[in-house]
Amino acid sequence: MSSSTTTTHPSVVMATGVPCLDVAGLAALLGCARHHVVHRLAPQPGFPRPVIHISCTVRYWRSSDVLQWLHRPGGRAMSLADLDAPRLNTAGIAALLGCTRQHAADNVTKRVDFPPPCINVSNRMRSWLYRDVLAWLNPQGALDASRDEAIGHGILDADGLAQWLGCTRKHLSQSLLMRPDFPPPFLYASRRMRWWRASDVQAWCKDKGMAAEFAAPLARSHVVEGV
């Protein structure tokens, strides 16, 4: 099993005029070793038969047949164009969110609103289209790396949220986040790993009739005594 957090692109070759995958391409697509394809997957009764079979290591499968085999009920159907699309396994999702791989596997990917995997052969051979994960994180558009421009366009961690609201992280934690009407985190991994949708915070500010720059005085006015 590959240890990389982001799966590599499969090698797509042409055989008999149709897109095909060789052993290396299948291994890259599934995120496993070549010998696993040869000795574990290919012998399975339901696995597609190769369109060209020269030897155990020199074989070609129609890409369309492989994609049909990969599709599971409730899963994310892949097209031929998706074969070269960037994908993430659970380790990649953990790296993206800043949480542990176990938390990503046991909690994040099991959320009802999390996108279904495009490859779901086993617990260790699962991957998601990168664009699906980004769309889940930020349904309004592509993630913006700039925290100053993130409002309305992405997600904010606690530091980014405090920066946009114009207060310290301590003020944020001990005042604004204590308010019952403040938007809850859209994604919660731990107290140190929380993310808010910028659009939710923007809607809250609008509901309170204030812009972001006026949230800082509000935060300071609700600071716990003695801070």
# chains A, B, ... in the order shown; residues from 1 in each chain; ligands from 1

$ select_by_dssp --residues "region 4-74 of chain A" --states "alpha helix (DSSP H)" --output "compact mmCIF listing (two decimals) with N, CA, C and O atoms, in the first residue's frame"
# COMPACT_ATOMS: atom_id res chain seq x y z
N VAL A 23 -0.72 -2.87 -15.50
CA VAL A 23 -0.61 -3.23 -14.09
C VAL A 23 -0.20 -2.03 -13.25
O VAL A 23 -0.76 -1.76 -12.18
N ALA A 24 0.79 -1.27 -13.76
CA ALA A 24 1.26 -0.10 -13.02
C ALA A 24 0.16 0.95 -12.90
O ALA A 24 0.00 1.58 -11.86
N GLY A 25 -0.61 1.12 -13.98
CA GLY A 25 -1.70 2.09 -13.95
C GLY A 25 -2.79 1.71 -12.96
O GLY A 25 -3.33 2.56 -12.25
N LEU A 26 -3.11 0.43 -12.91
CA LEU A 26 -4.10 -0.05 -11.95
C LEU A 26 -3.61 0.14 -10.52
O LEU A 26 -4.38 0.56 -9.64
N ALA A 27 -2.34 -0.16 -10.28
CA ALA A 27 -1.79 0.01 -8.94
C ALA A 27 -1.82 1.46 -8.51
O ALA A 27 -2.17 1.79 -7.37
N ALA A 28 -1.48 2.38 -9.44
CA ALA A 28 -1.51 3.80 -9.13
C ALA A 28 -2.94 4.28 -8.88
O ALA A 28 -3.19 5.08 -7.98
N LEU A 29 -3.88 3.78 -9.66
CA LEU A 29 -5.27 4.17 -9.51
C LEU A 29 -5.83 3.74 -8.16
O LEU A 29 -6.53 4.50 -7.48
N LEU A 30 -5.50 2.52 -7.75
CA LEU A 30 -6.06 1.96 -6.52
C LEU A 30 -5.24 2.32 -5.29
O LEU A 30 -5.70 2.13 -4.16
N ARG A 34 1.99 -3.16 -7.13
CA ARG A 34 1.73 -3.92 -8.36
C ARG A 34 1.46 -5.40 -8.06
O ARG A 34 0.60 -6.01 -8.70
N HIS A 35 2.21 -5.94 -7.11
CA HIS A 35 2.01 -7.37 -6.82
C HIS A 35 0.62 -7.62 -6.24
O HIS A 35 0.08 -8.72 -6.36
N HIS A 36 0.04 -6.61 -5.59
CA HIS A 36 -1.33 -6.77 -5.07
C HIS A 36 -2.32 -6.88 -6.23
O HIS A 36 -3.27 -7.66 -6.17
N SER A 63 -10.11 0.72 -19.56
CA SER A 63 -10.37 1.65 -18.46
C SER A 63 -11.86 1.67 -18.10
O SER A 63 -12.22 1.74 -16.93
N SER A 64 -12.71 1.59 -19.11
CA SER A 64 -14.16 1.62 -18.85
C SER A 64 -14.59 0.41 -18.04
O SER A 64 -15.48 0.51 -17.17
N ASP A 65 -13.98 -0.76 -18.29
CA ASP A 65 -14.32 -1.96 -17.52
C ASP A 65 -13.89 -1.81 -16.07
O ASP A 65 -14.61 -2.22 -15.15
N VAL A 66 -12.70 -1.23 -15.86
CA VAL A 66 -12.20 -1.04 -14.50
C VAL A 66 -13.09 -0.05 -13.74
O VAL A 66 -13.44 -0.29 -12.57
N LEU A 67 -13.49 1.03 -14.39
CA LEU A 67 -14.35 2.02 -13.73
C LEU A 67 -15.71 1.43 -13.38
O LEU A 67 -16.28 1.74 -12.34
N GLN A 68 -16.22 0.58 -14.26
CA GLN A 68 -17.49 -0.08 -13.97
C GLN A 68 -17.35 -1.01 -12.76
O GLN A 68 -18.24 -1.08 -11.92
N TRP A 69 -16.23 -1.72 -12.67
CA TRP A 69 -15.98 -2.61 -11.53
C TRP A 69 -15.82 -1.81 -10.23
O TRP A 69 -16.27 -2.23 -9.17
N LEU A 70 -15.20 -0.64 -10.33
CA LEU A 70 -14.95 0.18 -9.14
C LEU A 70 -16.22 0.79 -8.57
O LEU A 70 -16.31 1.04 -7.37

$ residues_around --residues "Leu187 (chain A)" --least-positions-apart "6" --cutoff "9 Å" --atoms "only C-alpha atoms" --output "list in words"
Val108, Leu137, Met193, Arg194, Trp195, Trp196 and Arg197 of chain A

$ select_by_dssp --residues "region 35-185 of chain A" --states "strand (DSSP E or B)" --output "PyMOL selection string"
chain A and resi 52-53+59-62+87-88+119-120+126-129+155-157

$ atom_distance --atom1 "CA of Asn120 (chain A)" --atom2 "CA of Gly75 (chain A)"
7.7 Å

$ closest_residue --among "A:Lys170, A:Pro116, A:Asp22, A:Gly74" --to "Ile52 (chain A)" --atoms "only C-alpha atoms"
A:Asp22

$ closest_residue --among "A:Phe47, A:Pro19, A:Arg111, A:Ala104" --to "Ala81 (chain A)" --atoms "only C-alpha atoms"
A:Pro19

$ residues_around --residues "region 131-135 of chain A" --least-positions-apart "6" --cutoff "12 Å" --atoms "only C-alpha atoms" --output "VMD selection string"
chain A and resid 76 to 78 82 85 to 90 92 to 94 96 to 97 108 to 109 113 to 118 141 to 144 153 to 155

$ residues_around --residues "Trp61 (chain A)" --least-positions-apart "2" --cutoff "6 Å" --atoms "only C-alpha atoms" --output "list in words"
Cys20, Leu21, Pro50 and Val51 of chain A

$ atom_distance --atom1 "CA of Arg101 (chain A)" --atom2 "CA of His39 (chain A)"
27.8 Å

$ closest_residue --among "A:Leu161, A:Cys32, A:Ile119, A:Val38" --to "Ser55 (chain A)" --atoms "only C-alpha atoms"
A:Val38

$ decode --residues "region 53-147 of chain A" --atoms "C-alpha atoms" --output "compact mmCIF listing (two decimals), in the first residue's frame"
# COMPACT_ATOMS: atom_id res chain seq x y z
CA HIS A 53 -2.82 -10.70 -21.80
CA ILE A 54 0.83 -11.29 -22.66
CA SER A 55 2.03 -12.33 -19.21
CA CYS A 56 1.13 -11.85 -15.54
CA THR A 57 2.91 -8.49 -15.52
CA VAL A 58 2.15 -7.42 -19.08
CA ARG A 59 -1.59 -7.05 -19.26
CA TYR A 60 -4.00 -4.32 -20.25
CA TRP A 61 -7.53 -3.71 -19.02
CA ARG A 62 -10.09 -1.44 -20.64
CA SER A 63 -10.37 1.65 -18.46
CA SER A 64 -14.16 1.62 -18.85
CA ASP A 65 -14.32 -1.96 -17.52
CA VAL A 66 -12.20 -1.04 -14.50
CA LEU A 67 -14.35 2.02 -13.73
CA GLN A 68 -17.49 -0.08 -13.97
CA TRP A 69 -15.98 -2.61 -11.53
CA LEU A 70 -14.95 0.18 -9.14
CA HIS A 71 -18.38 1.75 -8.96
CA ARG A 72 -20.21 0.79 -5.78
CA PRO A 73 -23.81 1.59 -4.79
CA GLY A 74 -23.84 5.01 -3.20
CA GLY A 75 -20.29 5.68 -4.35
CA ARG A 76 -18.91 8.40 -6.58
CA ALA A 77 -18.97 7.29 -10.20
CA MET A 78 -15.78 8.13 -12.07
CA SER A 79 -15.47 9.01 -15.73
CA LEU A 80 -12.51 8.40 -18.01
CA ALA A 81 -11.54 12.04 -17.51
CA ASP A 82 -11.30 11.40 -13.75
CA LEU A 83 -8.51 8.86 -14.16
CA ASP A 84 -5.94 11.65 -14.14
CA ALA A 85 -7.77 13.83 -11.62
CA PRO A 86 -5.99 14.42 -8.27
CA ARG A 87 -7.28 12.24 -5.47
CA LEU A 88 -6.83 12.03 -1.69
CA ASN A 89 -6.70 9.02 0.58
CA THR A 90 -7.45 9.25 4.31
CA ALA A 91 -3.88 10.33 5.03
CA GLY A 92 -4.25 13.13 2.49
CA ILE A 93 -7.53 14.25 4.04
CA ALA A 94 -5.88 14.27 7.46
CA ALA A 95 -2.99 16.37 6.12
CA LEU A 96 -5.44 18.79 4.48
CA LEU A 97 -7.47 19.27 7.67
CA GLY A 98 -4.58 19.10 10.13
CA CYS A 99 -5.95 16.14 12.09
CA THR A 100 -4.80 12.56 12.61
CA ARG A 101 -5.37 9.89 9.99
CA GLN A 102 -7.44 7.92 12.50
CA HIS A 103 -9.71 10.90 13.10
CA ALA A 104 -10.08 11.41 9.35
CA ALA A 105 -10.97 7.74 8.83
CA ASP A 106 -13.21 7.28 11.87
CA ASN A 107 -14.96 10.64 11.97
CA VAL A 108 -14.52 12.99 9.03
CA THR A 109 -15.11 10.53 6.19
CA LYS A 110 -18.12 9.05 8.02
CA ARG A 111 -19.99 12.34 8.23
CA VAL A 112 -23.28 12.14 6.35
CA ASP A 113 -22.40 15.28 4.39
CA PHE A 114 -18.91 14.12 3.39
CA PRO A 115 -18.59 13.22 -0.30
CA PRO A 116 -18.57 9.51 -1.15
CA PRO A 117 -15.27 7.96 -2.20
CA CYS A 118 -14.60 7.45 -5.86
CA ILE A 119 -12.59 4.31 -5.04
CA ASN A 120 -13.80 2.08 -2.23
CA VAL A 121 -12.24 -1.34 -2.69
CA SER A 122 -11.33 -1.78 0.99
CA ASN A 123 -10.60 0.26 4.10
CA ARG A 124 -7.03 0.73 2.90
CA MET A 125 -7.89 1.25 -0.75
CA ARG A 126 -10.17 4.24 -0.60
CA SER A 127 -9.75 7.63 -2.20
CA TRP A 128 -11.76 10.75 -2.89
CA LEU A 129 -11.58 13.17 -5.77
CA TYR A 130 -9.67 16.19 -4.51
CA ARG A 131 -12.18 18.59 -6.05
CA ASP A 132 -15.04 16.85 -4.19
CA VAL A 133 -13.28 17.35 -0.85
CA LEU A 134 -12.57 21.01 -1.63
CA ALA A 135 -16.20 21.53 -2.67
CA TRP A 136 -17.29 20.01 0.66
CA LEU A 137 -14.97 22.31 2.57
CA ASN A 138 -16.02 25.35 0.59
CA PRO A 139 -19.29 24.95 -1.27
CA GLN A 140 -19.18 28.54 -2.56
CA GLY A 141 -16.00 28.21 -4.58
CA ALA A 142 -12.33 27.34 -4.53
CA LEU A 143 -10.47 27.65 -1.25
CA ASP A 144 -8.74 31.00 -0.81
CA ALA A 145 -5.37 30.75 0.85
CA SER A 146 -5.54 34.36 2.00
CA ARG A 147 -7.33 34.72 5.32
